[in-house]
file start.txt (compact mmCIF, C-alpha atoms and all ligand atoms)
# COMPACT_ATOMS: atom_id res chain seq x y z
CA MET A 1 -9.19 21.39 3.88
CA LYS A 2 -10.83 24.72 4.66
CA TYR A 3 -7.80 26.95 5.22
CA CYS A 4 -4.52 27.41 3.35
CA TYR A 5 -1.78 25.33 4.98
CA GLU A 6 0.81 28.03 4.17
CA CYS A 7 -0.90 31.26 5.22
CA GLY A 8 -4.13 30.25 6.99
CA THR A 9 -6.41 32.18 4.63
CA LYS A 10 -9.86 30.69 4.11
CA LEU A 11 -9.84 28.82 0.81
CA THR A 12 -12.18 29.56 -2.05
CA SER A 13 -12.93 27.34 -5.04
CA LYS A 14 -11.63 27.90 -8.50
CA GLU A 15 -11.69 26.08 -11.80
CA CYS A 16 -8.36 24.41 -12.44
CA ASP A 17 -7.66 23.46 -16.06
CA GLY A 18 -8.58 19.86 -16.60
CA GLU A 19 -9.07 19.15 -12.88
CA GLY A 20 -12.45 20.75 -12.15
CA ILE A 21 -13.18 22.91 -9.12
CA ILE A 22 -10.25 22.90 -6.68
CA PRO A 23 -9.71 24.74 -3.34
CA TYR A 24 -7.76 27.93 -4.02
CA CYS A 25 -5.88 30.43 -1.83
CA GLU A 26 -6.41 33.98 -3.07
CA LYS A 27 -3.50 35.27 -1.01
CA CYS A 28 -0.91 32.74 -2.19
CA GLN A 29 -2.62 32.56 -5.60
CA THR A 30 -2.15 28.80 -5.53
CA PHE A 31 -4.39 25.78 -5.78
CA ARG A 32 -4.41 23.77 -2.58
CA PHE A 33 -5.02 20.17 -3.54
CA PRO A 34 -6.04 17.93 -0.64
CA PHE A 35 -3.27 16.18 1.29
CA PHE A 36 -3.16 12.45 1.65
CA SER A 37 -0.48 9.80 2.07
CA ALA A 38 0.33 7.05 -0.40
CA ALA A 39 1.37 3.54 0.49
CA VAL A 40 1.97 0.25 -1.27
CA SER A 41 0.68 -3.13 -0.23
CA MET A 42 1.96 -6.35 -1.74
CA ILE A 43 0.66 -9.79 -2.58
CA VAL A 44 4.04 -11.49 -2.28
CA GLN A 45 4.31 -14.75 -4.21
CA ASN A 46 7.04 -17.39 -4.01
CA PRO A 47 9.20 -18.07 -7.11
CA SER A 48 6.88 -20.88 -8.33
CA LYS A 49 3.88 -18.57 -7.88
CA ASP A 50 1.80 -21.05 -5.92
CA LYS A 51 2.09 -19.53 -2.45
CA ILE A 52 1.36 -16.14 -0.92
CA LEU A 53 3.11 -14.59 2.05
CA LEU A 54 0.95 -13.30 4.91
CA ILE A 55 2.38 -11.55 7.95
CA GLN A 56 1.41 -10.55 11.47
CA GLN A 57 2.65 -7.27 12.93
CA TYR A 58 2.67 -5.12 16.04
CA GLY A 59 1.41 -7.83 18.40
CA LYS A 60 -1.80 -8.44 16.43
CA LYS A 61 -2.83 -11.92 15.41
CA ASN A 62 -4.40 -10.90 12.11
CA ASN A 63 -2.82 -12.06 8.86
CA VAL A 64 -2.24 -9.13 6.53
CA LEU A 65 -0.21 -8.24 3.46
CA VAL A 66 3.24 -6.67 3.52
CA ALA A 67 2.79 -2.91 3.18
CA GLY A 68 4.55 0.39 3.67
CA TYR A 69 4.46 4.10 2.91
CA ILE A 70 5.90 5.51 -0.28
CA ASN A 71 8.77 7.91 0.39
CA LYS A 72 8.74 11.41 -1.05
CA GLY A 73 10.43 11.30 -4.46
CA GLU A 74 9.96 7.56 -4.84
CA ASN A 75 7.61 5.86 -7.29
CA ALA A 76 5.24 3.09 -6.21
CA GLU A 77 7.22 0.32 -7.94
CA GLU A 78 10.39 1.36 -6.12
CA ALA A 79 8.51 1.34 -2.82
CA VAL A 80 7.35 -2.24 -3.51
CA VAL A 81 10.92 -3.44 -4.04
CA ARG A 82 12.28 -1.50 -1.05
CA GLU A 83 9.57 -2.52 1.43
CA VAL A 84 9.76 -6.23 0.59
CA LYS A 85 13.54 -6.09 0.97
CA GLU A 86 13.35 -4.18 4.26
CA GLU A 87 10.59 -6.17 5.91
CA ILE A 88 11.10 -9.66 4.50
CA GLY A 89 14.69 -9.56 3.28
CA LEU A 90 13.81 -10.84 -0.21
CA ASN A 91 14.36 -9.43 -3.70
CA VAL A 92 11.32 -8.70 -5.86
CA THR A 93 11.77 -9.96 -9.43
CA VAL A 94 8.35 -9.08 -10.91
CA HIS A 95 5.65 -6.65 -9.87
CA ASP A 96 2.24 -5.94 -11.35
CA PHE A 97 -0.43 -3.46 -10.35
CA ASN A 98 -3.49 -5.16 -8.82
CA LYS A 99 -5.90 -2.62 -7.27
CA SER A 100 -5.93 0.57 -5.25
CA GLU A 101 -8.26 1.86 -2.58
CA TYR A 102 -8.42 4.97 -0.42
CA PHE A 103 -8.18 4.07 3.30
CA LYS A 104 -10.03 6.71 5.28
CA ASN A 105 -8.69 5.79 8.77
CA THR A 106 -5.18 6.86 7.85
CA ASN A 107 -6.01 9.22 4.94
CA THR A 108 -3.92 7.00 2.69
CA LEU A 109 -4.22 5.87 -0.89
CA MET A 110 -3.22 2.20 -0.75
CA ILE A 111 -1.82 0.88 -4.02
CA ASN A 112 -1.67 -2.87 -4.19
CA PHE A 113 0.73 -4.85 -6.36
CA SER A 114 1.26 -8.53 -6.82
CA CYS A 115 4.93 -9.38 -6.82
CA VAL A 116 7.20 -12.39 -7.05
CA VAL A 117 10.31 -12.81 -4.92
CA ASP A 118 13.50 -14.69 -5.74
CA ASN A 119 13.46 -17.00 -2.73
CA GLU A 120 11.13 -18.61 -0.18
CA SER A 121 13.52 -18.17 2.74
CA LEU A 122 12.11 -16.18 5.63
CA ASP A 123 15.41 -15.94 7.49
CA GLY A 124 15.89 -12.29 6.59
CA ILE A 125 12.72 -10.98 8.19
CA ASP A 126 12.96 -7.71 10.10
CA LYS A 127 11.82 -8.92 13.52
CA LYS A 128 11.20 -5.39 14.75
CA GLU A 129 8.56 -4.88 12.07
CA VAL A 130 7.19 -8.37 11.51
CA ASP A 131 6.13 -10.77 14.29
CA LYS A 132 5.39 -13.70 12.03
CA ALA A 133 5.47 -14.47 8.31
CA GLU A 134 4.18 -17.60 6.67
CA TRP A 135 3.64 -18.92 3.14
CA PHE A 136 0.13 -20.13 2.32
CA SER A 137 -1.38 -21.80 -0.74
CA PHE A 138 -3.79 -19.53 -2.60
CA GLU A 139 -6.79 -21.28 -1.06
CA GLU A 140 -5.32 -21.15 2.44
CA ALA A 141 -4.45 -17.47 2.04
CA ARG A 142 -8.04 -16.76 1.05
CA LYS A 143 -9.21 -18.26 4.36
CA LYS A 144 -6.41 -16.92 6.57
CA ILE A 145 -6.38 -13.26 5.52
CA MET A 146 -7.96 -10.85 8.01
CA PRO A 147 -11.72 -10.83 7.28
CA ASN A 148 -13.36 -7.64 5.98
CA SER A 149 -10.03 -5.88 5.64
CA LEU A 150 -8.52 -3.88 2.84
CA ALA A 151 -5.90 -6.64 2.58
CA GLU A 152 -8.68 -9.17 2.01
CA ARG A 153 -10.24 -7.08 -0.77
CA PHE A 154 -6.88 -6.76 -2.49
CA LEU A 155 -6.17 -10.46 -2.15
CA LEU A 156 -9.61 -11.56 -3.39
CA ASN A 157 -9.40 -9.20 -6.35
CA PHE A 158 -6.09 -10.78 -7.26
CA LEU A 159 -7.21 -14.40 -6.73
CA ASP A 160 -10.59 -13.97 -8.43
CA GLY A 161 -8.90 -12.40 -11.46
CA LYS A 162 -6.85 -15.55 -12.05
ZN ZN B 201 -2.32 30.86 1.29
call {"tool": "encode", "arguments": {"input": "start.txt", "output": "structure tokens"}}
result
Amino acid sequence: MKYCYECGTKLTSKECDGEGIIPYCEKCQTFRFPFFSAAVSMIVQNPSKDKILLIQQYGKKNNVLVAGYINKGENAEEAVVREVKEEIGLNVTVHDFNKSEYFKNTNTLMINFSCVVDNESLDGIDKKEVDKAEWFSFEEARKKIMPNSLAERFLLNFLDGK
């Protein structure tokens, strides 16, 4: 960010207590921290924690993890519960932080959680958002997840940590 998003003034740099050198607008007298989006991605496990849910979306045949943007005012854990309910129709009973990674293509910080749902039924899937959803054993999921993707890195970090 080179210019202030409020007034268009060219930004300078200024020491911000505890944060280091941060872009600063002299006119607004405000620090202008960089903008980015935040999203959650989920390793969804069945109640017996021996299967992982992978989905296909938007006409693509790649298997990925359930994911969605965090709403303004919402925390990441709430977004996990809401997104799984909206997309898959299941209730999350447990969630644990796994790993996060900045995704440059969409300027998004992706925060990955593992979570457990209360049911294996896939009858409640939102068919507008999800083309296909399928449970896989851990070893199958490892092979079926989209290669060289962020989803794969999250999944492998989770599986290799077990
Ligand atoms: Zn300004």
call {"tool": "closest_residue", "arguments": {"input": "start.txt", "among": "A:Asn112, A:Tyr5, A:Trp135, A:Ser37", "to": "A:Pro23", "atoms": "all atoms listed in the file"}}
result
A:Tyr5
call {"tool": "residues_near_ligand", "arguments": {"input": "start.txt", "ligand": "ligand ZN 201 (chain B)", "cutoff": "9 Å", "atoms": "only C-alpha atoms and all ligand atoms", "output": "list in words"}}
result
Tyr3, Cys4, Tyr5, Glu6, Cys7, Gly8, Thr9, Lys10, Leu11, Tyr24, Cys25, Glu26, Lys27, Cys28, Gln29, Thr30, Phe31 and Arg32 of chain A
call {"tool": "write_last_selection", "arguments": {"input": "start.txt", "atoms": "C-alpha atoms", "output": "PDB file, keeping the file's coordinate frame"}}
result
ATOM      1  CA  TYR A   3      -7.800  26.950   5.220  1.00  0.00           C
ATOM      2  CA  CYS A   4      -4.520  27.410   3.350  1.00  0.00           C
ATOM      3  CA  TYR A   5      -1.780  25.330   4.980  1.00  0.00           C
ATOM      4  CA  GLU A   6       0.810  28.030   4.170  1.00  0.00           C
ATOM      5  CA  CYS A   7      -0.900  31.260   5.220  1.00  0.00           C
ATOM      6  CA  GLY A   8      -4.130  30.250   6.990  1.00  0.00           C
ATOM      7  CA  THR A   9      -6.410  32.180   4.630  1.00  0.00           C
ATOM      8  CA  LYS A  10      -9.860  30.690   4.110  1.00  0.00           C
ATOM      9  CA  LEU A  11      -9.840  28.820   0.810  1.00  0.00           C
ATOM     10  CA  TYR A  24      -7.760  27.930  -4.020  1.00  0.00           C
ATOM     11  CA  CYS A  25      -5.880  30.430  -1.830  1.00  0.00           C
ATOM     12  CA  GLU A  26      -6.410  33.980  -3.070  1.00  0.00           C
ATOM     13  CA  LYS A  27      -3.500  35.270  -1.010  1.00  0.00           C
ATOM     14  CA  CYS A  28      -0.910  32.740  -2.190  1.00  0.00           C
ATOM     15  CA  GLN A  29      -2.620  32.560  -5.600  1.00  0.00           C
ATOM     16  CA  THR A  30      -2.150  28.800  -5.530  1.00  0.00           C
ATOM     17  CA  PHE A  31      -4.390  25.780  -5.780  1.00  0.00           C
ATOM     18  CA  ARG A  32      -4.410  23.770  -2.580  1.00  0.00           C
TER      19      ARG A  32
END
call {"tool": "closest_residue", "arguments": {"input": "start.txt", "among": "A:Ala39, A:Ala141, A:Ala79, A:Val130", "to": "A:Leu159", "atoms": "all atoms listed in the file"}}
result
A:Ala141
call {"tool": "atom_distance", "arguments": {"input": "start.txt", "atom1": "atom CA of A:Phe33", "atom2": "atom CA of A:Asp96"}}
result
28.2 Å
call {"tool": "residues_around", "arguments": {"input": "start.txt", "residues": "stretch 45-53 of chain A", "least_positions_apart": "4", "cutoff": "10 Å", "atoms": "only C-alpha atoms", "output": "list in words"}}
result
Asn63, Val64, Leu65, Val66, Ile88, Val92, Thr93, Val94, His95, Ser114, Cys115, Val116, Val117, Asp118, Asn119, Glu120, Ser121, Leu122, Ala133, Glu134, Trp135, Phe136, Ser137, Phe138, Glu139, Glu140, Ala141, Arg142 and Leu155 of chain A
